[in-house]
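Chemist: One structure is given below, represented as structure tokens, and several questions about it will come after.
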Amino acid sequence: MAALAEKKATVVALDRVPRISRAQSMDVLSSMANLAGYRAVIEAATVFARPLGAQVTAAGSSRPARVLVIGAGVAGLAAIGAARSLGADVRAFDTRPPTREQVESMGATFLELDLEFDGEGEGGYAKALGDDILKAEQDLVLRQAAEIDIIITTALIPGREAPLLITTEALQTMRNGSVVVDLATRRGGNCAGAVRDEVVKVEGVTVIGYSDLPGRMAETAARFFAANVANLVKEMTADGELVIDLENEVVRGSTIMHQGEPLAPPPPKPPTTPSAKAPPPTPEKIPVPTKPNRPVVTAIIGLVLVGLILLMGQYAPASFLPHFTVFVLACFVGWQVVWNVTPALHTPLMSVTNAISGIIIIGGLLQAGSGDMTAAAILGAIALLVATINIAGGFLVTHRMLQMFRRGAA
């Protein structure tokens with residue numbers, strides 16, 4: 001840094017890109033951590049003596065491997081996704097409460113500590129916790145160790161040594177042939193006995209301490225790294241010229257020296273307080289119509305229909321009364337059916353029951369095909385046209401609704 005200061009250099013640190021939504025495409029740490037988490041599972045699966053997913057054959061079966069991921073940052077979530085895709089039973093824990101939803105959304109079980117605390121520090125990273133929290137984490141790992149086949153540790157704290165979470169006692173509890181992949185060996189490691197860039201046996205457990213996991217997928221890592229740097233350079237470019245705009249949040253956060261002058265980390269943004277707003281006006285209460293009492297309405301409709309049947313029986317022709325009786329009964333049954341259906345299902349119910357219009361088509365054909373240009377024949381032709389439209393439209397609506405349900409299920 002002294003030599004760079006003498007040359008009046010401007011220095012940008014890629015690991016200081018702020019963790020905000022706008023800077024995700026420039027975040028080298030996230031890109032490399034994603035690859036490291038994925039590769040950790042591959043390394044563990046290579047050493048592990050059994051398949052990670054459940055196997056069922058004629059010669060017998062094997063249960064899925066149990067994987068514990070410590071830390072649910074970018075690397076931890078990538079490890080969870082890779083292990084789940086291989087069929088493993090995955091558990092995870094983190095000191096940051098917001099990670100619970102992310103872990104469970106990926107199909108893993110979130111393990112809780114017995115203490116209440118918030119381990120989320122500045123920029124979304126984990127922060128250093130007290131000895132009581134560290135002891136609680138070690139106890140949780142110790143309780144899980146007897147059941148777990150593979151442990152992947154990703155716990156790092158910016159600017160400090162990695163916390164020791166897997167003790168020698170926990171390694172002694174694990175079964176022979178189990179595997180630990182420690183992604184924190186650059187900072188001392190999360191596992192007792194882990195050696196940076198080496199694979200060692202500790203208490204019968206294989207401990208992998210590779211610190212170059214992204215480099216073991218060099219082509220992909222190089223492509224991601226190049227894209228991160230290119231996006232950062234674009235952020236620092238205006239009209240084809242390199243411009244170090246210290247008012248730009250991304251540029252200011254990642255610049256540690258400007259023209260030979262060291263820059264302190266930018267102060268954290270003060271929390272925004274919502275401006276005082278006048279209370280919303282009290283909405284005017286609008287009376288909500290209540291649903292009429294079903295037995296009363298049914299009784300009234302029944303009396304009206306019976307009265308119509310008796311009235312028609314006195315004055316209508318004898319051939320009309322049976323038809324009218326069927327019509328009245330159909331109205332009564334339809335009323336009872338629709339009343340008992342949830343309103344949310346009225347549209348599919350009505351569209352399907354449009355097939356009843358087939359009865360109207362038959363009647364319309366009989367009347368329109370009589371050969372006489374009477375009022376009944378004209379009404380029959382109109383009924384035939386309307387019923388045809390009703391049936392075709394009803395089934396079209398039903399078909400479209402079913403397609404929507406199928407797309408939602410997919």
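In the structure tokens, each chain is lettered A, B, ... as it comes, each chain's residues begin at 1, and ligands are numbered from 1 in order of appearance.
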Using DSSP on the backbone coordinates, identify the residues of range 54-262 of chain A assigned to helix (DSSP H, G or I); present them as a count of residues only.
Modeler: 74
Chemist: Can you pull out the residues contacting Ser25 in chain A? Cut-off 10 Å, using only C-alpha atoms, and skip same-chain residues under 5 positions away; I want them as a ChimeraX atom specification.
Modeler: /A:20,30-31,224,227-232
Chemist: Can you write out the residues you just picked, keeping N, CA and C atoms, as a JSON list (two decimals), in the first residue's frame?
Modeler:
[["chain", "number", "residue", "atom", "x", "y", "z"],
["A", 20, "ILE", "N", -25.28, -4.98, -1.89],
["A", 20, "ILE", "CA", -26.58, -4.39, -2.15],
["A", 20, "ILE", "C", -27.09, -4.98, -3.45],
["A", 30, "SER", "N", -19.52, -13.50, -3.71],
["A", 30, "SER", "CA", -20.71, -14.34, -3.84],
["A", 30, "SER", "C", -20.54, -15.36, -4.97],
["A", 31, "SER", "N", -19.98, -14.92, -6.10],
["A", 31, "SER", "CA", -19.79, -15.84, -7.22],
["A", 31, "SER", "C", -18.89, -17.01, -6.84],
["A", 224, "PHE", "N", -17.13, -16.46, -14.39],
["A", 224, "PHE", "CA", -17.87, -15.66, -13.42],
["A", 224, "PHE", "C", -17.04, -14.46, -12.95],
["A", 227, "ALA", "N", -16.87, -11.75, -15.54],
["A", 227, "ALA", "CA", -18.13, -11.00, -15.63],
["A", 227, "ALA", "C", -18.25, -10.02, -14.46],
["A", 228, "ASN", "N", -17.86, -10.44, -13.25],
["A", 228, "ASN", "CA", -17.91, -9.55, -12.09],
["A", 228, "ASN", "C", -17.03, -8.31, -12.31],
["A", 229, "VAL", "N", -15.81, -8.54, -12.77],
["A", 229, "VAL", "CA", -14.89, -7.42, -12.98],
["A", 229, "VAL", "C", -15.39, -6.51, -14.10],
["A", 230, "ALA", "N", -15.88, -7.09, -15.18],
["A", 230, "ALA", "CA", -16.39, -6.29, -16.29],
["A", 230, "ALA", "C", -17.55, -5.41, -15.84],
["A", 231, "ASN", "N", -18.45, -5.95, -15.03],
["A", 231, "ASN", "CA", -19.59, -5.17, -14.56],
["A", 231, "ASN", "C", -19.14, -4.05, -13.63],
["A", 232, "LEU", "N", -18.10, -4.31, -12.82],
["A", 232, "LEU", "CA", -17.58, -3.27, -11.95],
["A", 232, "LEU", "C", -16.92, -2.15, -12.76]]
Chemist: Where does DSSP see strand (DSSP E or B) in range 5-82 of chain A, if you list the residues as a list in words?
Modeler: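 Everything in range 5-82 of chain A that counts as strand (DSSP E or B) is Val11, Val12, Gln55, Val56, Thr57, Gly60, Ser61, Ser62, Arg66, Val67, Leu68, Val69 and Ile70 of chain A.
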Chemist: Just to be explicit: take each residue in the selection above, keep C-alpha atoms, and write the result as an mmCIF file, in the first residue's frame.
Modeler:
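Contents of out_15.cif, freshly written:
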data_model
loop_
_atom_site.group_PDB
_atom_site.id
_atom_site.type_symbol
_atom_site.label_atom_id
_atom_site.label_comp_id
_atom_site.auth_asym_id
_atom_site.auth_seq_id
_atom_site.Cartn_x
_atom_site.Cartn_y
_atom_site.Cartn_z
ATOM 1 C CA VAL A 11 -6.858 1.007 -5.684
ATOM 2 C CA VAL A 12 -10.108 -0.958 -5.850
ATOM 3 C CA GLN A 55 -31.050 -46.535 -3.263
ATOM 4 C CA VAL A 56 -33.515 -49.411 -3.658
ATOM 5 C CA THR A 57 -32.410 -52.563 -5.465
ATOM 6 C CA GLY A 60 -31.326 -54.383 -0.683
ATOM 7 C CA SER A 61 -31.696 -50.685 -0.017
ATOM 8 C CA SER A 62 -29.784 -47.835 1.620
ATOM 9 C CA ARG A 66 -27.515 -37.092 6.267
ATOM 10 C CA VAL A 67 -25.747 -33.823 5.520
ATOM 11 C CA LEU A 68 -25.277 -30.931 7.954
ATOM 12 C CA VAL A 69 -24.423 -27.504 6.515
ATOM 13 C CA ILE A 70 -23.089 -24.975 9.009
#
Chemist: Could you tell me how far CA of Ile151 in chain A sits from CA of Tyr38 in chain A, in Å to one decimal place?
Modeler: 13.4 Å
Chemist: Pick the closest to Phe48 in chain A from A:Gly177, A:Gly81, A:Pro163, A:Gly369: which is it, counting only C-alpha atoms?
Modeler: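 Nearest candidate to Phe48 in chain A out of A:Gly177, A:Gly81, A:Pro163, A:Gly369: A:Gly177.
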Chemist: How many Å lie between CA of Pro266 in chain A and CA of Gln24 in chain A, rounded to one decimal?
Modeler: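 Taking CA of Pro266 in chain A and CA of Gln24 in chain A, their separation equals 18.6 Å.
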Chemist: Calculate how many Å separate CA of Leu164 in chain A from CA of Pro64 in chain A, rounding to one decimal.
Modeler: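 Separation of CA of Leu164 in chain A and CA of Pro64 in chain A: 27.6 Å.
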Chemist: For Thr185 in chain A, work out the shell of residues within 9 Å, counting only C-alpha atoms and skipping chain neighbours fewer than 6 positions away, then give it as a list in words.
Modeler: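 My list of contacting residues is Ala162, Cys191, Ala194, Val195, Arg196, Asp197, Gly209, Tyr210 and Ser211 of chain A.
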Chemist: Output C-alpha atoms for every residue in that selection, as an mmCIF file, in the first residue's frame.
Modeler:
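Below is the file that was written, out_33.cif:
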data_model
loop_
_atom_site.group_PDB
_atom_site.id
_atom_site.type_symbol
_atom_site.label_atom_id
_atom_site.label_comp_id
_atom_site.auth_asym_id
_atom_site.auth_seq_id
_atom_site.Cartn_x
_atom_site.Cartn_y
_atom_site.Cartn_z
ATOM 1 C CA ALA A 162 -13.052 -18.612 11.847
ATOM 2 C CA CYS A 191 -13.157 -28.066 12.342
ATOM 3 C CA ALA A 194 -8.405 -29.375 9.625
ATOM 4 C CA VAL A 195 -5.305 -28.574 7.567
ATOM 5 C CA ARG A 196 -5.417 -26.010 4.781
ATOM 6 C CA ASP A 197 -5.278 -27.541 1.279
ATOM 7 C CA GLY A 209 -9.457 -28.581 3.958
ATOM 8 C CA TYR A 210 -9.217 -27.392 0.357
ATOM 9 C CA SER A 211 -9.141 -23.597 0.098
#
Chemist: Residues within 9 Å of Met217 in chain A, please, as a list in words. Count only C-alpha atoms; anything in the same chain fewer than 4 positions from it doesn't count.
Modeler: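 My reading of the contact set: Leu35, Arg39, Leu213, Ala221 and Ala222 of chain A.
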Chemist: Tell me, as number ranges by chain, which residues lie within 12 Å of Ala3 in chain A, counting only C-alpha atoms; anything in the same chain fewer than 6 positions away does not count.
Modeler: A: 9-11, 257, 260-261
Chemist: Store the residues picked out above, limited to N, CA and C atoms, as a PDB file, in the first residue's frame.
Modeler:
ATOM      1  N   ALA A   9      -1.605   6.038  -6.841  1.00  0.00           N
ATOM      2  CA  ALA A   9      -2.499   5.069  -7.488  1.00  0.00           C
ATOM      3  C   ALA A   9      -3.898   5.121  -6.869  1.00  0.00           C
ATOM      4  N   THR A  10      -4.851   4.693  -7.655  1.00  0.00           N
ATOM      5  CA  THR A  10      -6.216   4.463  -7.163  1.00  0.00           C
ATOM      6  C   THR A  10      -6.416   2.945  -7.095  1.00  0.00           C
ATOM      7  N   VAL A  11      -6.800   2.450  -5.933  1.00  0.00           N
ATOM      8  CA  VAL A  11      -6.858   1.007  -5.684  1.00  0.00           C
ATOM      9  C   VAL A  11      -8.297   0.603  -5.381  1.00  0.00           C
ATOM     10  N   MET A 257      -8.163   3.331  -1.959  1.00  0.00           N
ATOM     11  CA  MET A 257      -7.150   4.385  -2.108  1.00  0.00           C
ATOM     12  C   MET A 257      -7.475   5.172  -3.370  1.00  0.00           C
ATOM     13  N   GLY A 260      -3.506   7.989  -4.381  1.00  0.00           N
ATOM     14  CA  GLY A 260      -2.494   7.890  -3.339  1.00  0.00           C
ATOM     15  C   GLY A 260      -2.984   8.158  -1.936  1.00  0.00           C
ATOM     16  N   GLU A 261      -4.225   8.581  -1.767  1.00  0.00           N
ATOM     17  CA  GLU A 261      -4.767   8.871  -0.439  1.00  0.00           C
ATOM     18  C   GLU A 261      -5.620   7.686   0.035  1.00  0.00           C
TER      19      GLU A 261
END
Chemist: Considering only C-alpha atoms, return as an mmCIF file with N, CA and C atoms, in the first residue's frame whatever protein or nucleic-acid residues lie within 12 Å of Ala368 in chain A, sequence-local ones (same chain, fewer than 2 positions apart) excluded.
Modeler:
data_model
loop_
_atom_site.group_PDB
_atom_site.id
_atom_site.type_symbol
_atom_site.label_atom_id
_atom_site.label_comp_id
_atom_site.auth_asym_id
_atom_site.auth_seq_id
_atom_site.Cartn_x
_atom_site.Cartn_y
_atom_site.Cartn_z
ATOM 1 N N ILE A 360 -82.778 -28.023 -23.969
ATOM 2 C CA ILE A 360 -83.395 -26.907 -24.698
ATOM 3 C C ILE A 360 -83.212 -27.096 -26.198
ATOM 4 N N ILE A 361 -82.041 -27.607 -26.605
ATOM 5 C CA ILE A 361 -81.806 -27.819 -28.039
ATOM 6 C C ILE A 361 -82.795 -28.838 -28.591
ATOM 7 N N ILE A 362 -83.028 -29.908 -27.817
ATOM 8 C CA ILE A 362 -83.984 -30.929 -28.293
ATOM 9 C C ILE A 362 -85.373 -30.320 -28.457
ATOM 10 N N GLY A 363 -85.791 -29.547 -27.449
ATOM 11 C CA GLY A 363 -87.104 -28.900 -27.562
ATOM 12 C C GLY A 363 -87.161 -27.922 -28.705
ATOM 13 N N GLY A 364 -86.083 -27.151 -28.900
ATOM 14 C CA GLY A 364 -86.049 -26.193 -29.994
ATOM 15 C C GLY A 364 -86.117 -26.867 -31.352
ATOM 16 N N LEU A 365 -85.421 -28.025 -31.474
ATOM 17 C CA LEU A 365 -85.476 -28.755 -32.741
ATOM 18 C C LEU A 365 -86.885 -29.238 -33.038
ATOM 19 N N LEU A 366 -87.565 -29.727 -32.002
ATOM 20 C CA LEU A 366 -88.930 -30.216 -32.202
ATOM 21 C C LEU A 366 -89.866 -29.098 -32.646
ATOM 22 N N SER A 370 -91.261 -28.233 -36.915
ATOM 23 C CA SER A 370 -92.666 -28.624 -37.113
ATOM 24 C C SER A 370 -93.185 -28.269 -38.504
ATOM 25 N N GLY A 371 -92.507 -27.332 -39.187
ATOM 26 C CA GLY A 371 -92.940 -26.945 -40.535
ATOM 27 C C GLY A 371 -93.899 -25.785 -40.555
ATOM 28 N N ASP A 372 -94.408 -25.396 -39.395
ATOM 29 C CA ASP A 372 -95.346 -24.277 -39.324
ATOM 30 C C ASP A 372 -94.622 -23.024 -38.847
ATOM 31 N N MET A 373 -94.923 -21.879 -39.438
ATOM 32 C CA MET A 373 -94.335 -20.613 -39.031
ATOM 33 C C MET A 373 -95.156 -20.013 -37.901
ATOM 34 N N THR A 374 -95.168 -20.723 -36.789
ATOM 35 C CA THR A 374 -95.919 -20.252 -35.632
ATOM 36 C C THR A 374 -94.960 -19.568 -34.657
ATOM 37 N N ALA A 375 -95.569 -18.979 -33.631
ATOM 38 C CA ALA A 375 -94.747 -18.323 -32.601
ATOM 39 C C ALA A 375 -93.870 -19.340 -31.884
ATOM 40 N N ALA A 376 -94.432 -20.565 -31.675
ATOM 41 C CA ALA A 376 -93.654 -21.614 -30.998
ATOM 42 C C ALA A 376 -92.446 -22.010 -31.834
ATOM 43 N N ALA A 377 -92.616 -22.093 -33.177
ATOM 44 C CA ALA A 377 -91.504 -22.468 -34.042
ATOM 45 C C ALA A 377 -90.418 -21.393 -34.044
ATOM 46 N N ILE A 378 -90.831 -20.119 -34.059
ATOM 47 C CA ILE A 378 -89.848 -19.027 -34.036
ATOM 48 C C ILE A 378 -89.082 -19.022 -32.714
ATOM 49 N N LEU A 379 -89.826 -19.149 -31.610
ATOM 50 C CA LEU A 379 -89.167 -19.202 -30.296
ATOM 51 C C LEU A 379 -88.257 -20.417 -30.185
ATOM 52 N N GLY A 380 -88.657 -21.531 -30.795
ATOM 53 C CA GLY A 380 -87.821 -22.737 -30.779
ATOM 54 C C GLY A 380 -86.505 -22.513 -31.518
ATOM 55 N N ALA A 381 -86.564 -21.810 -32.658
ATOM 56 C CA ALA A 381 -85.339 -21.529 -33.409
ATOM 57 C C ALA A 381 -84.406 -20.609 -32.618
ATOM 58 N N ILE A 382 -85.004 -19.580 -31.970
ATOM 59 C CA ILE A 382 -84.178 -18.678 -31.144
ATOM 60 C C ILE A 382 -83.542 -19.446 -29.985
ATOM 61 N N ALA A 383 -84.344 -20.312 -29.342
ATOM 62 C CA ALA A 383 -83.818 -21.102 -28.228
ATOM 63 C C ALA A 383 -82.695 -22.025 -28.703
ATOM 64 N N LEU A 384 -82.848 -22.558 -29.913
ATOM 65 C CA LEU A 384 -81.822 -23.443 -30.467
ATOM 66 C C LEU A 384 -80.500 -22.682 -30.641
ATOM 67 N N LEU A 385 -80.573 -21.446 -31.172
ATOM 68 C CA LEU A 385 -79.369 -20.647 -31.385
ATOM 69 C C LEU A 385 -78.698 -20.273 -30.058
#
